[in-house]
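The file work-v8.txt contains compact mmCIF, C-alpha atoms:
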# COMPACT_ATOMS: atom_id res chain seq x y z
CA MET A 1 210.42 -42.84 55.12
CA THR A 2 213.26 -40.97 53.35
CA ALA A 3 216.99 -41.60 53.31
CA SER A 4 217.57 -38.59 55.55
CA GLN A 5 214.76 -39.44 57.98
CA PRO A 6 214.82 -43.20 58.62
CA SER A 7 212.67 -44.87 61.26
CA ILE A 8 213.94 -45.18 64.81
CA ASN A 9 214.96 -48.80 64.27
CA ASP A 10 216.97 -47.86 61.20
CA VAL A 11 218.60 -45.02 63.11
CA LYS A 12 219.75 -47.43 65.80
CA ALA A 13 221.19 -49.77 63.19
CA TYR A 14 222.77 -46.88 61.31
CA MET A 15 224.41 -45.46 64.44
CA GLU A 16 225.63 -48.90 65.48
CA GLY A 17 227.23 -49.22 62.06
CA LEU A 18 228.99 -45.89 62.48
CA GLY A 19 230.17 -46.93 65.94
CA ARG A 20 231.49 -50.28 64.77
CA ALA A 21 233.36 -48.65 61.90
CA ALA A 22 234.76 -45.94 64.19
CA ARG A 23 235.99 -48.52 66.70
CA ALA A 24 237.83 -50.40 63.95
CA ALA A 25 239.27 -47.18 62.54
CA SER A 26 240.43 -46.06 66.00
CA VAL A 27 242.90 -48.94 66.08
CA GLU A 28 244.43 -47.85 62.79
CA ILE A 29 244.48 -44.15 63.57
CA ALA A 30 246.03 -44.76 67.00
CA ARG A 31 249.06 -46.38 65.38
CA ALA A 32 249.26 -44.02 62.39
CA SER A 33 252.52 -42.16 61.95
CA THR A 34 252.79 -38.47 62.70
CA ALA A 35 253.69 -37.90 59.05
CA ALA A 36 250.49 -39.58 57.84
CA LYS A 37 248.30 -37.63 60.24
CA ASN A 38 249.97 -34.35 59.31
CA LEU A 39 249.55 -35.10 55.60
CA ALA A 40 245.83 -35.70 56.13
CA LEU A 41 245.54 -32.36 57.94
CA THR A 42 247.48 -30.29 55.40
CA GLU A 43 245.75 -31.92 52.45
CA THR A 44 242.35 -31.26 54.02
CA ALA A 45 243.39 -27.62 54.52
CA ARG A 46 244.38 -27.38 50.85
CA VAL A 47 241.07 -28.90 49.71
CA ILE A 48 239.05 -26.56 51.96
CA GLU A 49 240.76 -23.57 50.36
CA ALA A 50 240.28 -24.98 46.87
CA GLU A 51 236.61 -25.69 47.57
CA ALA A 52 235.86 -22.40 49.33
CA ALA A 53 233.20 -21.47 46.78
CA ALA A 54 231.47 -24.85 47.15
CA LEU A 55 231.56 -24.54 50.94
CA ALA A 56 230.04 -21.07 50.73
CA ALA A 57 227.30 -22.35 48.41
CA ALA A 58 226.45 -25.21 50.77
CA ASN A 59 226.37 -22.76 53.67
CA ALA A 60 224.07 -20.46 51.71
CA ARG A 61 221.59 -23.34 51.37
CA ASP A 62 221.60 -23.76 55.14
CA LEU A 63 221.20 -20.03 55.72
CA ASP A 64 218.30 -19.84 53.27
CA ALA A 65 216.51 -22.56 55.22
CA ALA A 66 217.31 -20.93 58.59
CA SER A 67 215.30 -17.73 58.28
CA ALA A 68 213.67 -18.35 61.66
CA LEU A 69 216.98 -18.29 63.55
CA ASP A 70 217.85 -15.21 65.57
CA ALA A 71 220.81 -13.00 64.66
CA ALA A 72 223.24 -14.70 67.05
CA ALA A 73 222.35 -18.17 65.77
CA ARG A 74 222.68 -17.06 62.13
CA ASP A 75 226.08 -15.59 62.94
CA ARG A 76 227.22 -18.92 64.40
CA LEU A 77 225.92 -20.72 61.31
CA THR A 78 227.55 -18.43 58.76
CA LEU A 79 230.74 -19.49 56.99
CA THR A 80 232.37 -16.22 55.94
CA PRO A 81 235.48 -16.26 53.72
CA ALA A 82 237.52 -15.44 56.83
CA ARG A 83 236.06 -18.40 58.73
CA ILE A 84 236.71 -20.77 55.83
CA ALA A 85 240.30 -19.53 55.72
CA ALA A 86 240.54 -19.94 59.51
CA MET A 87 239.47 -23.59 59.24
CA ALA A 88 242.34 -24.27 56.84
CA GLN A 89 244.78 -22.29 58.95
CA GLY A 90 243.71 -24.16 62.08
CA LEU A 91 244.37 -27.51 60.42
CA ARG A 92 247.84 -26.39 59.35
CA GLU A 93 248.58 -25.22 62.87
CA MET A 94 247.52 -28.62 64.20
CA ALA A 95 249.88 -30.28 61.75
CA ALA A 96 252.72 -28.08 63.05
CA LEU A 97 252.06 -29.00 66.69
CA PRO A 98 253.99 -31.81 68.40
CA ASP A 99 252.25 -35.16 68.24
CA PRO A 100 251.20 -36.05 71.79
CA VAL A 101 250.66 -39.74 71.07
CA GLY A 102 253.40 -41.95 72.46
CA ALA A 103 255.13 -39.21 74.43
CA ILE A 104 256.73 -40.64 77.59
CA THR A 105 257.05 -38.45 80.68
CA ASP A 106 258.22 -38.76 84.28
CA LEU A 107 260.38 -41.81 83.59
CA ALA A 108 262.26 -42.62 86.78
CA ARG A 109 264.24 -45.58 88.07
CA ARG A 110 262.96 -47.22 91.23
CA PRO A 111 265.07 -48.94 93.90
CA SER A 112 263.95 -52.30 92.46
CA GLY A 113 265.68 -51.46 89.18
CA ILE A 114 262.52 -50.94 87.09
CA GLN A 115 261.85 -47.66 85.31
CA VAL A 116 258.34 -46.25 85.76
CA GLY A 117 256.80 -43.53 83.64
CA ARG A 118 253.68 -42.52 81.76
CA MET A 119 252.83 -42.65 78.06
CA ARG A 120 250.26 -40.43 76.39
CA VAL A 121 247.67 -42.40 74.40
CA PRO A 122 244.45 -41.63 72.45
CA LEU A 123 241.06 -41.87 74.12
CA GLY A 124 239.73 -44.05 71.29
CA VAL A 125 236.44 -42.95 69.74
CA VAL A 126 235.16 -39.43 70.41
CA GLY A 127 231.53 -38.50 69.79
CA ILE A 128 230.87 -34.80 69.25
CA ILE A 129 227.37 -33.31 69.29
CA TYR A 130 227.23 -29.67 68.25
CA GLU A 131 224.89 -26.97 67.01
CA SER A 132 225.11 -24.27 64.37
CA ARG A 133 228.86 -23.72 63.92
CA PRO A 134 229.95 -25.75 60.87
CA ASN A 135 233.61 -24.84 61.43
CA VAL A 136 233.47 -27.25 64.39
CA THR A 137 233.39 -30.07 61.83
CA ALA A 138 236.89 -29.25 60.60
CA ASP A 139 238.30 -28.22 63.97
CA ALA A 140 237.05 -31.30 65.82
CA ALA A 141 238.01 -33.71 63.06
CA GLY A 142 241.51 -32.26 62.90
CA LEU A 143 242.08 -32.39 66.64
CA CYS A 144 240.79 -35.95 66.92
CA LEU A 145 242.89 -37.03 63.97
CA LYS A 146 246.13 -35.47 65.26
CA SER A 147 245.56 -36.97 68.73
CA GLY A 148 245.05 -40.44 67.25
CA ASN A 149 241.30 -40.73 67.82
CA ALA A 150 238.44 -41.71 65.56
CA VAL A 151 235.48 -39.32 65.72
CA ILE A 152 231.74 -39.39 65.07
CA LEU A 153 230.38 -35.90 64.39
CA ARG A 154 226.71 -35.09 64.87
CA GLY A 155 226.10 -31.50 63.81
CA GLY A 156 222.86 -29.56 64.00
CA SER A 157 220.25 -30.07 61.31
CA GLU A 158 220.46 -26.36 60.48
CA ALA A 159 224.07 -26.87 59.25
CA LEU A 160 223.60 -30.19 57.44
CA HIS A 161 224.72 -29.09 53.96
CA SER A 162 227.70 -27.14 55.33
CA ASN A 163 228.84 -30.07 57.46
CA GLN A 164 228.53 -32.52 54.59
CA ALA A 165 230.59 -30.26 52.32
CA ILE A 166 233.33 -29.95 54.95
CA ALA A 167 233.23 -33.71 55.57
CA ALA A 168 233.84 -34.30 51.87
CA CYS A 169 237.02 -32.22 52.11
CA ILE A 170 238.18 -34.23 55.13
CA ALA A 171 237.52 -37.51 53.31
CA ARG A 172 239.80 -36.39 50.49
CA GLY A 173 242.54 -35.53 52.99
CA LEU A 174 242.27 -38.94 54.68
CA ALA A 175 242.40 -40.73 51.32
CA VAL A 176 245.58 -38.95 50.25
CA ALA A 177 247.24 -39.90 53.54
CA GLY A 178 246.09 -43.54 53.29
CA LEU A 179 244.10 -43.33 56.52
CA PRO A 180 240.72 -45.04 57.01
CA ALA A 181 237.69 -43.06 55.91
CA ALA A 182 235.85 -44.13 59.07
CA ALA A 183 238.33 -42.21 61.21
CA VAL A 184 236.06 -39.19 60.65
CA GLN A 185 232.34 -39.83 60.18
CA VAL A 186 229.57 -37.22 60.00
CA VAL A 187 226.10 -38.41 61.00
CA GLU A 188 223.91 -37.75 57.98
CA THR A 189 220.48 -38.22 59.51
CA THR A 190 218.80 -35.26 61.17
CA ASP A 191 216.65 -37.57 63.30
CA ARG A 192 217.09 -36.60 66.96
CA ALA A 193 217.13 -40.29 67.86
CA ALA A 194 220.69 -40.39 66.49
CA VAL A 195 221.82 -38.29 69.44
CA GLY A 196 220.28 -40.73 71.91
CA ALA A 197 221.90 -43.66 70.15
CA LEU A 198 225.30 -41.98 70.27
CA LEU A 199 224.95 -41.17 73.98
CA GLN A 200 224.15 -44.77 74.85
CA SER A 201 226.92 -46.54 72.94
CA PRO A 202 229.68 -47.29 75.48
CA ALA A 203 230.77 -50.27 73.40
CA TYR A 204 231.75 -47.96 70.56
CA VAL A 205 232.24 -44.46 72.01
CA ASP A 206 234.75 -43.55 74.75
CA VAL A 207 233.82 -39.92 75.40
CA ILE A 208 231.13 -37.44 74.32
CA VAL A 209 231.77 -33.74 73.80
CA PRO A 210 228.60 -31.63 73.49
CA ARG A 211 228.88 -28.12 72.04
CA GLY A 212 225.70 -26.09 72.03
CA GLY A 213 222.98 -24.54 74.13
CA LYS A 214 222.08 -25.34 77.70
CA SER A 215 219.21 -27.64 76.71
CA LEU A 216 221.56 -29.78 74.62
CA ILE A 217 224.14 -30.02 77.40
CA GLU A 218 221.48 -30.94 79.94
CA ARG A 219 220.07 -33.65 77.69
CA VAL A 220 223.52 -35.10 77.07
CA THR A 221 224.37 -35.06 80.77
CA ALA A 222 221.08 -36.72 81.70
CA GLU A 223 221.09 -39.45 79.04
CA ALA A 224 224.74 -40.30 78.45
CA ARG A 225 226.10 -43.71 79.39
CA VAL A 226 229.46 -42.48 78.10
CA PRO A 227 231.78 -40.02 79.92
CA VAL A 228 231.09 -36.38 78.95
CA ILE A 229 233.41 -33.37 78.62
CA LYS A 230 231.07 -30.40 78.92
CA HIS A 231 230.28 -26.86 79.93
CA LEU A 232 226.80 -25.59 80.69
CA ASP A 233 227.12 -21.81 80.39
CA GLY A 234 229.55 -19.09 79.47
CA VAL A 235 228.64 -16.38 82.00
CA CYS A 236 231.90 -14.46 81.68
CA HIS A 237 232.88 -11.39 83.70
CA VAL A 238 235.28 -8.49 83.34
CA TYR A 239 236.09 -6.62 86.55
CA LEU A 240 237.42 -3.04 86.27
CA ASP A 241 239.47 -2.61 89.42
CA ALA A 242 240.01 0.68 91.28
CA ASP A 243 243.57 0.55 89.92
CA ALA A 244 242.59 -0.13 86.31
CA ASP A 245 244.26 1.82 83.53
CA PRO A 246 241.34 3.72 81.92
CA ALA A 247 242.48 3.14 78.34
CA LYS A 248 242.97 -0.59 78.90
CA ALA A 249 239.67 -0.82 80.76
CA GLU A 250 237.67 0.75 77.94
CA LYS A 251 239.42 -1.22 75.20
CA VAL A 252 239.11 -4.60 76.90
CA ALA A 253 235.57 -4.15 78.22
CA PHE A 254 234.32 -3.10 74.79
CA ASN A 255 236.08 -5.92 72.94
CA ALA A 256 235.01 -8.58 75.44
CA LYS A 257 231.37 -7.76 74.74
CA CYS A 258 231.22 -6.45 71.20
CA GLN A 259 233.87 -8.33 69.20
CA ARG A 260 231.30 -11.12 68.77
CA TYR A 261 228.07 -11.63 70.67
CA GLY A 262 227.18 -15.29 70.14
CA THR A 263 230.19 -17.03 71.67
CA CYS A 264 230.65 -18.66 75.06
CA ASN A 265 233.68 -16.49 75.92
CA THR A 266 231.85 -13.19 75.38
CA MET A 267 231.52 -11.02 78.50
CA GLU A 268 227.98 -11.05 79.87
CA THR A 269 228.49 -9.05 83.10
CA LEU A 270 230.74 -6.04 83.66
CA LEU A 271 231.80 -5.37 87.25
CA VAL A 272 233.23 -1.94 88.12
CA HIS A 273 234.78 -0.67 91.35
CA ALA A 274 232.76 2.18 92.84
CA ALA A 275 235.82 4.43 93.04
CA VAL A 276 236.16 4.52 89.24
CA ALA A 277 232.60 3.84 88.05
CA SER A 278 231.73 7.51 87.45
CA SER A 279 234.82 8.01 85.28
CA LEU A 280 234.97 4.69 83.42
CA LEU A 281 231.33 3.89 82.71
CA PRO A 282 230.02 6.98 80.83
CA PRO A 283 232.45 6.67 77.87
CA LEU A 284 231.95 2.91 77.81
CA PHE A 285 228.18 3.28 77.81
CA ALA A 286 228.40 5.66 74.86
CA ARG A 287 230.40 3.10 72.88
CA TYR A 288 228.05 0.27 73.83
CA ARG A 289 225.01 2.26 72.73
CA ASP A 290 226.68 3.15 69.43
CA ALA A 291 227.15 -0.61 68.94
CA GLY A 292 223.49 -1.30 69.75
CA VAL A 293 224.10 -2.96 73.13
CA GLU A 294 221.24 -2.88 75.64
CA LEU A 295 222.44 -2.09 79.18
CA ARG A 296 220.95 -3.53 82.37
CA GLY A 297 222.39 -2.38 85.66
CA CYS A 298 222.29 -2.33 89.44
CA ALA A 299 220.91 0.67 91.33
CA ALA A 300 224.31 2.38 91.42
CA THR A 301 224.71 1.89 87.67
CA CYS A 302 221.25 3.28 86.98
CA ALA A 303 222.08 6.29 89.16
CA LEU A 304 224.97 7.08 86.83
CA ASP A 305 222.82 6.75 83.69
CA ALA A 306 219.04 6.95 83.84
CA ALA A 307 218.74 5.23 80.45
CA VAL A 308 220.09 1.95 81.86
CA THR A 309 217.36 -0.64 82.48
CA PRO A 310 217.27 -1.91 86.09
CA ALA A 311 218.71 -5.42 86.25
CA THR A 312 216.79 -8.32 87.76
CA GLU A 313 218.32 -11.18 89.73
CA ASP A 314 218.07 -13.35 86.61
CA ASP A 315 220.27 -10.90 84.67
CA TRP A 316 223.28 -11.78 86.81
CA TYR A 317 222.92 -15.44 85.83
CA ALA A 318 222.21 -14.78 82.14
CA GLU A 319 224.26 -15.95 79.20
CA TYR A 320 222.72 -13.56 76.69
CA LEU A 321 224.67 -14.50 73.56
CA ALA A 322 223.24 -11.22 72.29
CA PRO A 323 223.92 -7.43 72.44
CA ILE A 324 222.79 -7.19 76.07
CA LEU A 325 225.12 -6.46 78.98
CA ALA A 326 224.59 -6.56 82.74
CA VAL A 327 226.60 -3.98 84.73
CA ARG A 328 227.21 -3.93 88.47
CA VAL A 329 229.13 -1.47 90.66
CA VAL A 330 230.99 -3.17 93.53
CA SER A 331 232.80 -1.82 96.56
CA SER A 332 235.90 -4.01 96.48
CA LEU A 333 237.87 -6.76 94.80
CA ASP A 334 236.38 -9.18 97.34
CA GLU A 335 232.83 -8.20 96.37
CA ALA A 336 233.68 -8.65 92.69
CA MET A 337 235.07 -12.13 93.31
CA GLN A 338 232.08 -13.02 95.47
CA HIS A 339 229.75 -11.97 92.65
CA ILE A 340 231.69 -14.20 90.24
CA ARG A 341 231.51 -17.13 92.67
CA GLN A 342 227.76 -16.69 93.10
CA TYR A 343 226.67 -16.00 89.53
CA GLY A 344 229.50 -17.19 87.29
CA SER A 345 229.79 -20.44 85.36
CA GLN A 346 233.53 -21.13 85.90
CA HIS A 347 234.23 -20.39 82.24
CA THR A 348 236.32 -17.22 81.80
CA ASP A 349 236.75 -14.15 83.98
CA ALA A 350 239.13 -11.19 83.72
CA ILE A 351 240.43 -8.36 85.90
CA ILE A 352 241.71 -5.04 84.55
CA THR A 353 244.19 -3.61 87.04
CA GLU A 354 247.68 -2.19 87.47
CA ASN A 355 247.78 -3.51 91.04
CA TYR A 356 250.01 -6.60 91.10
CA SER A 357 248.64 -8.02 94.36
CA HIS A 358 245.05 -7.61 93.16
CA ALA A 359 245.93 -9.36 89.89
CA MET A 360 247.58 -12.27 91.72
CA ARG A 361 244.64 -12.64 94.13
CA PHE A 362 242.22 -12.70 91.20
CA LEU A 363 244.28 -15.37 89.43
CA ARG A 364 244.50 -17.53 92.55
CA GLU A 365 241.00 -17.13 93.94
CA VAL A 366 238.69 -17.03 90.90
CA ASP A 367 237.85 -20.68 90.22
CA SER A 368 237.27 -20.59 86.46
CA SER A 369 238.76 -22.59 83.60
CA SER A 370 240.44 -19.42 82.25
CA VAL A 371 241.36 -16.44 84.43
CA MET A 372 242.88 -13.35 82.82
CA VAL A 373 244.64 -10.12 83.72
CA ASN A 374 244.33 -7.09 81.41
CA ALA A 375 243.04 -9.11 78.45
CA SER A 376 239.72 -9.73 76.76
CA THR A 377 237.74 -12.85 77.63
CA ARG A 378 237.45 -13.44 73.88
CA PHE A 379 240.97 -14.91 74.01
CA ALA A 380 239.61 -18.03 75.81
CA ASP A 381 239.88 -20.11 72.67
CA GLY A 382 241.99 -23.05 71.54
CA PHE A 383 243.26 -21.22 68.45
CA GLU A 384 244.34 -18.21 70.52
CA TYR A 385 245.96 -20.46 73.14
CA GLY A 386 248.14 -22.10 70.51
CA LEU A 387 246.24 -25.39 70.46
CA GLY A 388 245.51 -25.09 66.72
CA ALA A 389 241.82 -25.23 67.54
CA GLU A 390 239.64 -26.63 70.29
CA ILE A 391 237.13 -29.40 70.55
CA GLY A 392 235.28 -27.41 73.20
CA ILE A 393 235.80 -25.47 76.40
CA SER A 394 235.35 -27.57 79.49
CA THR A 395 234.21 -26.11 82.79
CA ASP A 396 234.58 -29.53 84.40
CA LYS A 397 237.61 -30.19 86.58
CA PHE A 398 238.08 -33.75 85.28
CA HIS A 399 239.35 -34.92 82.78
CA ALA A 400 240.13 -31.69 80.95
CA ARG A 401 239.55 -28.03 81.84
CA GLY A 402 239.38 -24.94 79.64
CA PRO A 403 239.94 -25.17 75.88
CA VAL A 404 240.31 -28.86 75.04
CA GLY A 405 243.05 -29.41 72.49
CA LEU A 406 245.29 -32.34 71.66
CA GLU A 407 246.34 -33.28 75.19
CA GLY A 408 242.73 -33.08 76.37
CA LEU A 409 241.87 -35.76 73.80
CA THR A 410 244.47 -38.14 75.19
CA SER A 411 244.99 -40.02 78.41
CA GLN A 412 248.08 -41.37 80.11
CA LYS A 413 248.88 -44.95 80.96
CA TRP A 414 251.63 -46.18 83.24
CA ILE A 415 254.53 -47.96 81.59
CA VAL A 416 257.24 -50.02 83.26
CA LEU A 417 260.62 -50.82 81.68
CA GLY A 418 262.57 -53.66 83.21
CA ASP A 419 265.42 -56.06 82.59
CA GLY A 420 264.15 -59.20 84.25
CA GLU A 421 263.41 -57.68 87.67
CA VAL A 422 261.02 -59.59 89.93
CA ARG A 423 259.37 -58.48 93.13
CA GLY A 424 260.79 -60.00 96.31

Show me this structure written as structure tokens.
Amino acid sequence: MTASQPSINDVKAYMEGLGRAARAASVEIARASTAAKNLALTETARVIEAEAAALAAANARDLDAASALDAAARDRLTLTPARIAAMAQGLREMAALPDPVGAITDLARRPSGIQVGRMRVPLGVVGIIYESRPNVTADAAGLCLKSGNAVILRGGSEALHSNQAIAACIARGLAVAGLPAAAVQVVETTDRAAVGALLQSPAYVDVIVPRGGKSLIERVTAEARVPVIKHLDGVCHVYLDADADPAKAEKVAFNAKCQRYGTCNTMETLLVHAAVASSLLPPLFARYRDAGVELRGCAATCALDAAVTPATEDDWYAEYLAPILAVRVVSSLDEAMQHIRQYGSQHTDAIITENYSHAMRFLREVDSSSVMVNASTRFADGFEYGLGAEIGISTDKFHARGPVGLEGLTSQKWIVLGDGEVRG
């Protein structure tokens, strides 16, 4: 038995210790001042920038050990200089955001004389289980900290050294601000039993946020005794309407697929109105092929380009996370929306059109967590939405939906202000 691979009994004890410490820290962090939380965030950002070389070296160790990962997984694991800088920038943006904790809304006086309103409060202890992306360590820690929550972070074993290096930066930020070290804890064992222990700890954990592949989400959903904020798939669509501007259509459809392949907001299926398919698709297909994207299409798509591989029924459901794109020609806006209802995952869907009524129908009728007009699905992101970062993108309808930022990590309680009133 090694320190990093303890027995199952030790894992249970270890995770219980983390949970107990997080519960105690959650009390302190919930009452921490905005100034203290912001200082922890900005100091962590400064340390991340100062330790960029050390972070890159730790990440290189993980990449060296991850030779079996596919290209998309290696991309998610890689900490480029730009991504390290983005972690620091995200933390500074969180510090600049209003503190949601303690905000009182909807305060109104009742006929009895009492005032009734709602106050925003932290959830308590957040458990986050994630794969590959080490930047999640900084983003999630920052969001939980600013929203007054303690957090237990369980990253993938493939990113262990990267996550530990980032956690060390966070610890320095907490220390400078005088906040408890246990407010942010990174699980250091790679034993899979740690995940099970975290999922079944309602005494210590208030909510679980899984970020990773479908198998992880399904395991979390099946085993959790703690509420879960989740999404299963990112099967995102872009629909090129009959009234689409050709330049916008080409620019957005290319970016939505090719800006980055391994993310949940990447377009996986392109829908095109039959009236414009013959004019819009050939130049797009040329650009996709230049970028190395494999095309799979319906019969009408294949008729336009014999090099397109015929799509199967499974292709319409697929979240490729790879340079593969499914393409379907549709006869109307209604058929496009029906396709999205049948095959989509309620994540992010976009329409490209100059027709106002079509745009408004798409916004109203497509039941996804983010619905867009004339913009790339790649914008479905907490950073791009002004949240500083995101703890995940929820396709649930309760308790949070879409990118989960500060407000999504809080709840509201009713408050009553009186002056001796009693009920008659």

Nearest residue to A:Ile84 out of A:Asn135, A:Asn59, A:Gln200, A:Asn149, using all atoms listed in the file?
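Smallest separation from A:Ile84 among the options: A:Asn135.
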
Counting all atoms listed in the file, which residues sit no farther than 8 Å from the position (236.4, 3.4, 81.6) in the file's frame? I'd like them as a PDB file with C-alpha atoms, in the frame of the given file.
ATOM      1  CA  PRO A 246     241.340   3.720  81.920  1.00  0.00           C
ATOM      2  CA  ALA A 247     242.480   3.140  78.340  1.00  0.00           C
ATOM      3  CA  ALA A 249     239.670  -0.820  80.760  1.00  0.00           C
ATOM      4  CA  GLU A 250     237.670   0.750  77.940  1.00  0.00           C
ATOM      5  CA  VAL A 276     236.160   4.520  89.240  1.00  0.00           C
ATOM      6  CA  ALA A 277     232.600   3.840  88.050  1.00  0.00           C
ATOM      7  CA  SER A 279     234.820   8.010  85.280  1.00  0.00           C
ATOM      8  CA  LEU A 280     234.970   4.690  83.420  1.00  0.00           C
ATOM      9  CA  LEU A 281     231.330   3.890  82.710  1.00  0.00           C
ATOM     10  CA  PRO A 282     230.020   6.980  80.830  1.00  0.00           C
ATOM     11  CA  PRO A 283     232.450   6.670  77.870  1.00  0.00           C
ATOM     12  CA  LEU A 284     231.950   2.910  77.810  1.00  0.00           C
TER      13      LEU A 284
END

With only C-alpha atoms as the basis for distance, which of A:Thr105, A:Thr309, A:Ser132, A:Ser332 is at the shortest distance from A:Gly262?
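Among A:Thr105, A:Thr309, A:Ser132, A:Ser332, it is A:Ser132 that comes nearest to A:Gly262.
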
Using only C-alpha atoms, which of the listed residues (A:Ala400, A:Ala350, A:Ala96, A:Ala13) sits closest to A:Thr34?
A:Ala96

Could you list, as a PyMOL selection string, every residue within 7 Å of stretch 409-423 of chain A, counting only C-alpha atoms and ignoring same-chain residues fewer than 4 positions away?
chain A and resi 113-123+144+147+405

In Å, with one decimal, what is the gap from atom CA of A:Asp139 to atom CA of A:Ile166?
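The value is 10.4 Å.
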
Atomic distance atom CA of A:Gly148 - atom CA of A:His231, expressed in Å with one decimal:
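We find that atom CA of A:Gly148 and atom CA of A:His231 lie 23.7 Å from each other.
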
Using only C-alpha atoms, pick whichever of A:Met94, A:Val220, A:Val209, A:Ala375 has the shortest atom-to-atom distance to A:Gly196.
A:Val220

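Closest approach to A:Ala300 from the set A:Ser278, A:Thr137, A:Thr312, A:Thr78 is made by A:Ser278, with distances taken over all atoms listed in the file.
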
Select from stretch 185-227 of chain A every residue with an atom at most 12 Å from any atom of stretch 263-268 of chain A, then for each give the shortest pair of atoms and their distance in Å to one decimal, using all atoms listed in the file, rows by chain and rising number, as a tab-separated table.
residue	atom	partner	partner_atom	distance
A:Arg211	CA	A:Cys264	CA	10.1
A:Gly212	CA	A:Cys264	CA	9.4
A:Gly213	CA	A:Cys264	CA	9.7
A:Lys214	CA	A:Cys264	CA	11.2

Have a look at A:Ser157, A:Ala40, A:Ala95, A:Leu325 and name the one nearest to A:Val308; count all atoms listed in the file.
A:Leu325

Counting all atoms listed in the file, what is within 10 Å of A:Ala60, bar same-chain residues fewer than 4 positions away, as a list in words?
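Those residues are Ala54, Leu55, Ala56, Asp64, Ala65, Ala66, Leu77, Thr78, Leu79, Ala159, His161 and Ser162 of chain A.
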
Tell me, as a PyMOL selection string, which residues lie within 10 Å of A:Leu160, counting only C-alpha atoms; anything in the same chain fewer than 2 positions away does not count.
chain A and resi 58-59+61-62+132+134+154-158+162-165+186-190

Calculate how many Å separate atom CA of A:Gln259 from atom CA of A:Glu319, rounding to one decimal.
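Distance reported for this atom pair: 15.8 Å.
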
Contact residues around A:Pro202 with only C-alpha atoms at 10 Å, ignoring same-chain residues under 2 positions, as a list of chain:residue names
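Using only C-alpha atoms, the neighbours found are A:Gly19, A:Val125, A:Leu198, A:Leu199, A:Gln200, A:Tyr204, A:Val205, A:Asp206, A:Val207, A:Ala224, A:Arg225, A:Val226, A:Pro227.
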
Quick one: residues within 12 Å of A:Thr395, only C-alpha atoms, excluding same-chain residues fewer than 6 positions away - as a PyMOL selection string?
chain A and resi 228-236+264-265+344-348+367-370+380+401-404

Please reconstruct the missing atoms of stretch 391-402 of chain A (target: N, CA and C atoms) and return them as a PDB file, keeping the file's coordinate frame.
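The result, stored in selection.pdb:
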ATOM      1  N   ILE A 391     238.295 -28.551  70.744  1.00  0.00           N
ATOM      2  CA  ILE A 391     237.130 -29.400  70.550  1.00  0.00           C
ATOM      3  C   ILE A 391     235.982 -28.903  71.417  1.00  0.00           C
ATOM      4  N   GLY A 392     236.262 -27.994  72.297  1.00  0.00           N
ATOM      5  CA  GLY A 392     235.280 -27.410  73.200  1.00  0.00           C
ATOM      6  C   GLY A 392     235.991 -26.752  74.355  1.00  0.00           C
ATOM      7  N   ILE A 393     235.243 -26.068  75.191  1.00  0.00           N
ATOM      8  CA  ILE A 393     235.800 -25.470  76.400  1.00  0.00           C
ATOM      9  C   ILE A 393     235.111 -26.125  77.584  1.00  0.00           C
ATOM     10  N   SER A 394     235.901 -26.813  78.383  1.00  0.00           N
ATOM     11  CA  SER A 394     235.350 -27.570  79.490  1.00  0.00           C
ATOM     12  C   SER A 394     235.375 -26.754  80.772  1.00  0.00           C
ATOM     13  N   THR A 395     234.244 -26.705  81.459  1.00  0.00           N
ATOM     14  CA  THR A 395     234.210 -26.110  82.790  1.00  0.00           C
ATOM     15  C   THR A 395     234.212 -27.197  83.861  1.00  0.00           C
ATOM     16  N   ASP A 396     234.365 -28.451  83.446  1.00  0.00           N
ATOM     17  CA  ASP A 396     234.580 -29.530  84.400  1.00  0.00           C
ATOM     18  C   ASP A 396     235.992 -29.407  84.982  1.00  0.00           C
ATOM     19  N   LYS A 397     236.256 -30.142  86.040  1.00  0.00           N
ATOM     20  CA  LYS A 397     237.610 -30.190  86.580  1.00  0.00           C
ATOM     21  C   LYS A 397     238.294 -31.520  86.248  1.00  0.00           C
ATOM     22  N   PHE A 398     237.557 -32.486  85.767  1.00  0.00           N
ATOM     23  CA  PHE A 398     238.080 -33.750  85.280  1.00  0.00           C
ATOM     24  C   PHE A 398     237.380 -34.005  83.936  1.00  0.00           C
ATOM     25  N   HIS A 399     237.984 -34.530  82.953  1.00  0.00           N
ATOM     26  CA  HIS A 399     239.350 -34.920  82.780  1.00  0.00           C
ATOM     27  C   HIS A 399     240.169 -33.776  82.172  1.00  0.00           C
ATOM     28  N   ALA A 400     239.474 -32.838  81.562  1.00  0.00           N
ATOM     29  CA  ALA A 400     240.130 -31.690  80.950  1.00  0.00           C
ATOM     30  C   ALA A 400     239.420 -30.426  81.415  1.00  0.00           C
ATOM     31  N   ARG A 401     240.144 -29.291  81.415  1.00  0.00           N
ATOM     32  CA  ARG A 401     239.550 -28.030  81.840  1.00  0.00           C
ATOM     33  C   ARG A 401     239.997 -26.913  80.907  1.00  0.00           C
ATOM     34  N   GLY A 402     239.073 -26.011  80.577  1.00  0.00           N
ATOM     35  CA  GLY A 402     239.380 -24.940  79.640  1.00  0.00           C
ATOM     36  C   GLY A 402     239.317 -25.442  78.214  1.00  0.00           C
TER      37      GLY A 402
END
